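So this block is coords-v3.pdb, PDB, C-alpha atoms:
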```
ATOM      1  CA  MET A 682     -70.876  17.142 -56.463
ATOM      2  CA  TRP A 683     -67.744  15.068 -55.736
ATOM      3  CA  PHE A 684     -64.647  15.594 -53.585
ATOM      4  CA  SER A 685     -61.217  13.954 -53.740
ATOM      5  CA  LYS A 686     -57.944  14.853 -52.061
ATOM      6  CA  GLU A 687     -56.200  14.858 -55.420
ATOM      7  CA  HIS A 688     -58.733  16.882 -57.451
ATOM      8  CA  GLY A 689     -60.673  18.817 -54.817
ATOM      9  CA  PHE A 690     -64.295  19.561 -55.701
ATOM     10  CA  THR A 691     -65.507  18.295 -59.082
ATOM     11  CA  GLU A 692     -68.800  17.912 -60.859
ATOM     12  CA  ASP A 693     -67.948  14.406 -62.009
ATOM     13  CA  GLU A 694     -66.793  11.289 -60.206
ATOM     14  CA  ARG A 695     -63.074  10.652 -60.263
ATOM     15  CA  GLU A 696     -60.899   7.908 -58.856
ATOM     16  CA  GLY A 697     -60.746   8.190 -55.064
ATOM     17  CA  SER A 698     -63.603  10.705 -54.852
ATOM     18  CA  VAL A 699     -66.698  10.624 -52.664
ATOM     19  CA  GLU A 700     -70.075  12.098 -53.442
ATOM     20  CA  ILE A 701     -71.142  15.073 -51.315
ATOM     21  CA  SER A 702     -74.379  17.028 -51.009
ATOM     22  CA  GLU A 703     -74.699  20.753 -51.720
ATOM     23  CA  GLU A 704     -74.879  21.330 -47.954
ATOM     24  CA  GLN A 705     -71.674  19.326 -47.383
ATOM     25  CA  TYR A 706     -70.007  21.239 -50.210
ATOM     26  CA  ALA A 707     -70.918  24.597 -48.619
ATOM     27  CA  ALA A 708     -69.760  23.455 -45.165
ATOM     28  CA  LEU A 709     -66.482  22.020 -46.463
ATOM     29  CA  LEU A 710     -65.790  25.105 -48.554
ATOM     30  CA  ALA A 711     -66.414  27.380 -45.542
ATOM     31  CA  ALA A 712     -64.205  25.227 -43.300
ATOM     32  CA  ASN A 713     -61.424  25.231 -45.884
ATOM     33  CA  ALA A 714     -61.620  29.020 -46.161
ATOM     34  CA  GLN A 715     -61.060  29.185 -42.393
ATOM     35  CA  GLY A 716     -57.844  27.175 -42.644
ATOM     36  CA  HIS A 717     -59.130  23.634 -42.160
ATOM     37  CA  ALA A 718     -57.689  20.840 -44.251
ATOM     38  CA  LEU A 719     -60.078  18.610 -46.196
ATOM     39  CA  ASP A 720     -59.737  14.847 -46.215
ATOM     40  CA  ILE A 721     -61.638  11.628 -46.792
ATOM     41  CA  ILE A 722     -61.984   9.477 -43.680
ATOM     42  CA  GLY A 723     -64.117   6.352 -43.583
ATOM     43  CA  GLY A 724     -65.580   7.168 -46.975
ATOM     44  CA  GLU A 725     -66.732  10.646 -45.871
ATOM     45  CA  ALA A 726     -65.363  14.046 -46.841
ATOM     46  CA  VAL A 727     -64.419  15.881 -43.637
ATOM     47  CA  ALA A 728     -62.798  19.108 -42.500
ATOM     48  CA  ILE A 729     -59.841  18.609 -40.196
ATOM     49  CA  THR A 730     -58.640  21.217 -37.753
ATOM     50  CA  PRO A 731     -54.951  21.646 -38.455
ATOM     51  CA  PRO A 732     -52.650  21.027 -35.519
ATOM     52  CA  ALA A 733     -51.553  24.091 -33.605
ATOM     53  CA  PRO A 734     -48.194  25.329 -34.834
ATOM     54  CA  THR A 735     -45.128  24.552 -32.775
ATOM     55  CA  ALA A 736     -41.784  26.286 -32.702
ATOM     56  CA  GLU A 737     -40.318  23.329 -34.587
ATOM     57  CA  SER A 738     -42.987  23.513 -37.311
ATOM     58  CA  LEU A 739     -42.686  27.308 -37.656
ATOM     59  CA  ARG A 740     -38.871  27.539 -37.609
ATOM     60  CA  PRO A 741     -38.419  26.166 -41.188
ATOM     61  CA  GLN A 742     -41.019  28.643 -42.471
ATOM     62  CA  VAL A 743     -39.155  31.565 -40.892
ATOM     63  CA  SER A 744     -35.903  30.185 -42.311
ATOM     64  CA  VAL A 745     -37.440  30.152 -45.810
ATOM     65  CA  ALA A 746     -38.610  33.750 -45.259
ATOM     66  CA  ILE A 747     -35.010  34.672 -44.367
ATOM     67  CA  GLU A 748     -33.695  33.013 -47.534
ATOM     68  CA  THR A 749     -36.347  34.774 -49.624
ATOM     69  CA  TRP A 750     -35.341  38.108 -48.046
ATOM     70  CA  ARG A 751     -31.682  37.363 -48.860
ATOM     71  CA  ASP A 752     -32.478  36.550 -52.494
ATOM     72  CA  MET A 753     -34.556  39.734 -52.875
ATOM     73  CA  GLU A 754     -31.826  41.884 -51.311
ATOM     74  CA  GLU A 755     -29.195  40.393 -53.611
ATOM     75  CA  ARG A 756     -31.354  41.054 -56.679
ATOM     76  CA  ALA A 757     -32.074  44.620 -55.539
ATOM     77  CA  GLY A 758     -28.596  45.765 -56.502
ATOM     78  CA  VAL A 759     -26.656  48.560 -54.905
ATOM     79  CA  LYS A 760     -25.976  52.251 -55.396
ATOM     80  CA  PHE A 761     -22.315  53.254 -55.414
ATOM     81  CA  ASP A 762     -20.105  56.309 -55.834
ATOM     82  CA  PHE A 763     -17.451  56.804 -58.479
ATOM     83  CA  GLN A 764     -15.606  60.061 -59.088
ATOM     84  CA  GLY A 765     -18.129  62.069 -57.073
ATOM     85  CA  ARG A 766     -21.212  60.656 -58.799
ATOM     86  CA  GLN A 767     -23.643  57.934 -57.779
ATOM     87  CA  TYR A 768     -24.428  54.996 -60.066
ATOM     88  CA  ASP A 769     -26.748  51.981 -60.101
ATOM     89  CA  GLY A 770     -25.011  48.680 -59.462
ATOM     90  CA  GLY A 771     -27.910  46.309 -60.200
ATOM     91  CA  ASP A 772     -27.648  43.182 -62.339
ATOM     92  CA  LYS A 773     -28.721  44.876 -65.574
ATOM     93  CA  SER A 774     -26.243  47.719 -65.075
ATOM     94  CA  ARG A 775     -23.499  45.223 -64.253
ATOM     95  CA  LEU A 776     -24.137  43.286 -67.453
ATOM     96  CA  ARG A 777     -24.198  46.442 -69.590
ATOM     97  CA  LEU A 778     -21.004  47.750 -68.025
ATOM     98  CA  GLN A 779     -19.291  44.373 -68.251
ATOM     99  CA  ASP A 780     -20.109  44.218 -71.976
ATOM    100  CA  ALA A 781     -18.894  47.803 -72.506
ATOM    101  CA  VAL A 782     -15.582  47.084 -70.767
ATOM    102  CA  ALA A 783     -15.092  43.813 -72.676
ATOM    103  CA  SER A 784     -15.863  45.424 -76.040
ATOM    104  CA  GLY A 785     -13.222  48.128 -75.630
ATOM    105  CA  ILE A 786     -15.743  50.794 -76.611
ATOM    106  CA  GLY A 787     -14.195  53.220 -74.141
ATOM    107  CA  ALA A 788     -11.159  53.489 -76.410
ATOM    108  CA  THR A 789     -13.313  55.221 -79.027
ATOM    109  CA  GLY A 790     -13.773  58.237 -76.752
ATOM    110  CA  GLN A 791     -17.427  58.324 -77.770
ATOM    111  CA  PHE A 792     -18.967  56.372 -74.912
ATOM    112  CA  PHE A 793     -20.794  57.580 -71.816
ATOM    113  CA  CYS A 794     -22.549  56.140 -68.787
ATOM    114  CA  THR A 795     -25.613  57.628 -67.155
ATOM    115  CA  ASP A 796     -25.424  58.361 -63.440
ATOM    116  CA  GLU A 797     -28.227  58.303 -60.851
ATOM    117  CA  ASN A 798     -29.110  61.929 -61.666
ATOM    118  CA  ASN A 799     -29.651  60.879 -65.265
ATOM    119  CA  ASP A 800     -26.585  62.845 -66.375
ATOM    120  CA  ASP A 801     -24.484  61.384 -69.190
ATOM    121  CA  VAL A 802     -20.856  61.052 -68.109
ATOM    122  CA  PRO A 803     -18.224  60.589 -70.864
ATOM    123  CA  MET A 804     -16.068  57.507 -70.264
ATOM    124  CA  ASP A 805     -12.778  56.391 -71.745
ATOM    125  CA  SER A 806     -11.378  52.881 -71.198
ATOM    126  CA  GLN A 807      -9.677  53.805 -67.913
ATOM    127  CA  ALA A 808     -12.853  55.391 -66.527
ATOM    128  CA  LEU A 809     -14.977  52.423 -67.651
ATOM    129  CA  ASN A 810     -12.608  50.001 -65.919
ATOM    130  CA  GLY A 811     -12.627  52.167 -62.792
ATOM    131  CA  LEU A 812     -16.421  52.356 -62.828
ATOM    132  CA  TYR A 813     -16.653  48.579 -63.208
ATOM    133  CA  ASP A 814     -14.167  48.002 -60.372
ATOM    134  CA  ALA A 815     -16.098  50.403 -58.117
ATOM    135  CA  MET A 816     -19.363  48.659 -58.964
ATOM    136  CA  MET A 817     -17.967  45.218 -58.215
ATOM    137  CA  ALA A 818     -16.445  46.391 -54.937
ATOM    138  CA  ALA A 819     -19.817  47.864 -53.891
ATOM    139  CA  ARG A 820     -21.685  44.690 -54.925
ATOM    140  CA  VAL A 821     -19.277  42.446 -53.019
ATOM    141  CA  ALA A 822     -19.450  44.664 -49.918
ATOM    142  CA  GLN A 823     -23.267  44.741 -50.009
ATOM    143  CA  GLY A 824     -23.438  41.001 -50.694
ATOM    144  CA  PHE A 825     -21.283  40.328 -47.665
ATOM    145  CA  LYS A 826     -23.495  42.563 -45.473
ATOM    146  CA  ILE A 827     -26.528  40.626 -46.695
ATOM    147  CA  HIS A 828     -24.768  37.324 -45.986
ATOM    148  CA  ILE A 829     -23.821  38.408 -42.462
ATOM    149  CA  ARG A 830     -27.379  39.588 -41.694
ATOM    150  CA  GLN A 831     -28.857  36.373 -43.084
ATOM    151  CA  ARG A 832     -26.538  34.305 -40.853
ATOM    152  CA  GLN A 833     -27.421  36.472 -37.823
ATOM    153  CA  MET A 834     -31.133  35.959 -38.412
ATOM    154  CA  LYS A 835     -30.727  32.183 -38.733
ATOM    155  CA  GLU A 836     -28.760  32.146 -35.473
ATOM    156  CA  GLU A 837     -31.447  34.295 -33.811
ATOM    157  CA  ILE A 838     -34.314  32.001 -34.778
ATOM    158  CA  ALA A 839     -32.483  28.803 -33.782
ATOM    159  CA  THR A 840     -33.549  29.083 -30.151
ATOM    160  CA  LEU A 841     -36.696  31.230 -30.277
ATOM    161  CA  ASP A 842     -39.948  29.970 -28.789
ATOM    162  CA  LEU A 843     -43.224  29.862 -30.727
ATOM    163  CA  ASP A 844     -44.400  33.373 -29.823
ATOM    164  CA  ALA A 845     -41.043  34.939 -30.678
ATOM    165  CA  LEU A 846     -40.890  33.036 -33.992
ATOM    166  CA  ALA A 847     -44.434  34.076 -34.879
ATOM    167  CA  SER A 848     -43.573  37.743 -34.394
ATOM    168  CA  TYR A 849     -40.019  37.606 -35.807
ATOM    169  CA  GLN A 850     -39.323  40.420 -38.283
ATOM    170  CA  VAL A 851     -37.158  39.263 -41.181
ATOM    171  CA  GLY A 852     -34.889  41.953 -42.640
ATOM    172  CA  TRP A 853     -32.496  44.653 -41.630
ATOM    173  CA  PRO A 854     -32.729  45.764 -38.007
ATOM    174  CA  ALA A 855     -34.594  49.001 -37.429
ATOM    175  CA  PRO A 856     -32.318  52.017 -37.128
ATOM    176  CA  PRO A 857     -31.999  53.372 -33.603
ATOM    177  CA  ASP A 858     -34.547  56.008 -32.650
ATOM    178  CA  GLU A 859     -32.465  59.176 -32.691
ATOM    179  CA  THR A 860     -35.229  61.138 -30.991
ATOM    180  CA  ALA A 861     -35.195  58.915 -27.903
ATOM    181  CA  ASP A 862     -33.739  60.325 -24.706
ATOM    182  CA  PRO A 863     -30.572  58.267 -24.012
ATOM    183  CA  ASP A 864     -30.952  58.879 -20.254
ATOM    184  CA  ARG A 865     -34.507  57.591 -20.135
ATOM    185  CA  PRO A 866     -34.951  53.845 -19.485
ATOM    186  CA  ALA A 867     -36.624  51.951 -22.282
TER     187      ALA A 867
END
```
Can you present the structure in this file as structure tokens?
Amino acid sequence: MWFSKEHGFTEDEREGSVEISEEQYAALLAANAQGHALDIIGGEAVAITPPAPTAESLRPQVSVAIETWRDMEERAGVKFDFQGRQYDGGDKSRLRLQDAVASGIGATGQFFCTDENNDDVPMDSQALNGLYDAMMAARVAQGFKIHIRQRQMKEEIATLDLDALASYQVGWPAPPDETADPDRPA
């Protein structure tokens, strides 16, 4: 059995690899499964205990988690109301509606959109344009809320210590507990 940093464990010798016994293989594999890095030092394959995380090493990881949350929230779309009905404002719905508006199909009087209750709603050109405008307004408003929350989270993590960073919850803040007694200290 052979080990190299570039190829990991292999059955054949490769450039930069060192030969290891079955016992070394088992020990290295177990150490790696427990989070140890594997390296070659002085011609020997060894398991290295990773350094303890610091606030400065964890902060970029939390920042990436915040950006991932933002991207997921933006892709999730938005629900919005138009003329007393609720509609989906996700990317696919936006593209379909944008194409319908651009094509002028509403002028035929034979077009409809499907609302959140799965009801078909007849649409003329004016209604299609109104629906599109309502969708875009809802998407922009939701996008701005996401942007604000993302900026708040990045400001919050800028000064947190290691323990606070390790337990930081990325996302929307939890709604207030409405069952809590407002006169009782927390």
Handout entry: Option closest in space to Glu737 of chain A, from A:Leu809, A:Val851, A:Leu841, A:Ala815 [counting only C-alpha atoms]
Key =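 For Glu737 of chain A, the nearest of the given residues is A:Leu841.
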Handout entry: Ground truth for the PyMOL selection byres ((chain A and resi 780-794) around 12), written as a VMD selection string
Key = chain A and resid 763 766 to 769 773 to 779 795 to 814
Exercise for the section: Do a neighbour search on segment 719-722 of chain A at 10 Å with only C-alpha atoms, toss out local chain neighbours closer than 5 positions, and write the hits as a list in words. Expected result: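 In the requested form, the answer reads Phe684, Ser685, Lys686, Glu687, Gly689, Gly697, Ser698, Val699, Leu709, Leu710, Ala712, Asn713, Val727, Ala728, Ile729, Thr730 and Pro731 of chain A.
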Using 9 Å as the limit and counting all atoms listed in the file, can you tabulate each residue of segment 770-826 of chain A that touches segment 745-759 of chain A, with its shortest atom-to-atom distance in Å and the two atoms involved, as a tab-separated table?
```
residue	atom	partner	partner_atom	distance
A:Gly770	CA	A:Val759	CA	4.8
A:Gly771	CA	A:Gly758	CA	3.8
A:Asp772	CA	A:Gly758	CA	6.5
A:Met816	CA	A:Val759	CA	8.3
A:Ala819	CA	A:Val759	CA	6.9
A:Arg820	CA	A:Val759	CA	6.3
A:Gln823	CA	A:Val759	CA	7.1
A:Gly824	CA	A:Glu755	CA	6.5
```
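Once Met682 of chain A and its same-chain neighbours fewer than 3 positions away are set aside, Phe690, Thr691, Glu692, Asp693, Glu694, Val699, Glu700, Ile701, Ser702, Glu703 and Tyr706 of chain A remain within 9 Å of it when counting all atoms listed in the file.
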Handout entry: Separation of atom CA of Pro732 of chain A from atom CA of His717 of chain A in Å
Key =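 If I compute the distance from atom CA of His717 of chain A to atom CA of Pro732 of chain A, I get 9.6 Å.
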Practice task
Between atom CA of Val821 of chain A and atom CA of Gln833 of chain A, measure the distance and give it in Å to one decimal.
Solution key: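 If I compute the distance from atom CA of Val821 of chain A to atom CA of Gln833 of chain A, I get 18.2 Å.
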Practice task
Using atom CA of Pro741 of chain A and atom CA of Ala847 of chain A as the two end points, give the distance in Å to one decimal.
Solution key: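 Distance between the two atoms: 11.8 Å.
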Please produce segment 822-836 of chain A, completed to N, CA, C and O atoms, as a compact mmCIF listing (two decimals), keeping the file's coordinate frame.
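As written to disk, selection-v6.txt reads:
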```txt
# COMPACT_ATOMS: atom_id res chain seq x y z
N ALA A 822 -19.26 44.16 -51.29
CA ALA A 822 -19.45 44.66 -49.92
C ALA A 822 -20.90 44.51 -49.48
O ALA A 822 -21.19 44.05 -48.36
N GLN A 823 -21.85 44.87 -50.35
CA GLN A 823 -23.27 44.74 -50.01
C GLN A 823 -23.66 43.27 -49.87
O GLN A 823 -24.40 42.90 -48.97
N GLY A 824 -23.16 42.44 -50.77
CA GLY A 824 -23.44 41.00 -50.69
C GLY A 824 -22.96 40.40 -49.39
O GLY A 824 -23.63 39.55 -48.80
N PHE A 825 -21.81 40.85 -48.93
CA PHE A 825 -21.28 40.33 -47.66
C PHE A 825 -22.13 40.80 -46.48
O PHE A 825 -22.40 40.05 -45.55
N LYS A 826 -22.60 42.07 -46.53
CA LYS A 826 -23.50 42.56 -45.47
C LYS A 826 -24.78 41.73 -45.44
O LYS A 826 -25.28 41.39 -44.36
N ILE A 827 -25.31 41.44 -46.61
CA ILE A 827 -26.53 40.63 -46.70
C ILE A 827 -26.26 39.24 -46.12
O ILE A 827 -27.07 38.71 -45.35
N HIS A 828 -25.13 38.65 -46.49
CA HIS A 828 -24.77 37.32 -45.99
C HIS A 828 -24.66 37.32 -44.46
O HIS A 828 -25.20 36.43 -43.80
N ILE A 829 -23.98 38.32 -43.92
CA ILE A 829 -23.82 38.41 -42.46
C ILE A 829 -25.19 38.53 -41.79
O ILE A 829 -25.47 37.83 -40.81
N ARG A 830 -26.06 39.40 -42.31
CA ARG A 830 -27.38 39.59 -41.69
C ARG A 830 -28.21 38.31 -41.78
O ARG A 830 -28.89 37.93 -40.84
N GLN A 831 -28.13 37.62 -42.92
CA GLN A 831 -28.86 36.37 -43.08
C GLN A 831 -28.38 35.34 -42.06
O GLN A 831 -29.19 34.66 -41.43
N ARG A 832 -27.09 35.25 -41.84
CA ARG A 832 -26.54 34.30 -40.85
C ARG A 832 -26.98 34.70 -39.44
O ARG A 832 -27.33 33.85 -38.63
N GLN A 833 -26.96 36.00 -39.14
CA GLN A 833 -27.42 36.47 -37.82
C GLN A 833 -28.87 36.07 -37.58
O GLN A 833 -29.21 35.59 -36.49
N MET A 834 -29.72 36.29 -38.59
CA MET A 834 -31.13 35.96 -38.41
C MET A 834 -31.32 34.46 -38.19
O MET A 834 -32.12 34.05 -37.33
N LYS A 835 -30.59 33.63 -38.92
CA LYS A 835 -30.73 32.18 -38.73
C LYS A 835 -30.25 31.77 -37.34
O LYS A 835 -30.84 30.88 -36.72
N GLU A 836 -29.20 32.42 -36.85
CA GLU A 836 -28.76 32.15 -35.47
C GLU A 836 -29.81 32.61 -34.47
O GLU A 836 -30.08 31.92 -33.48
```
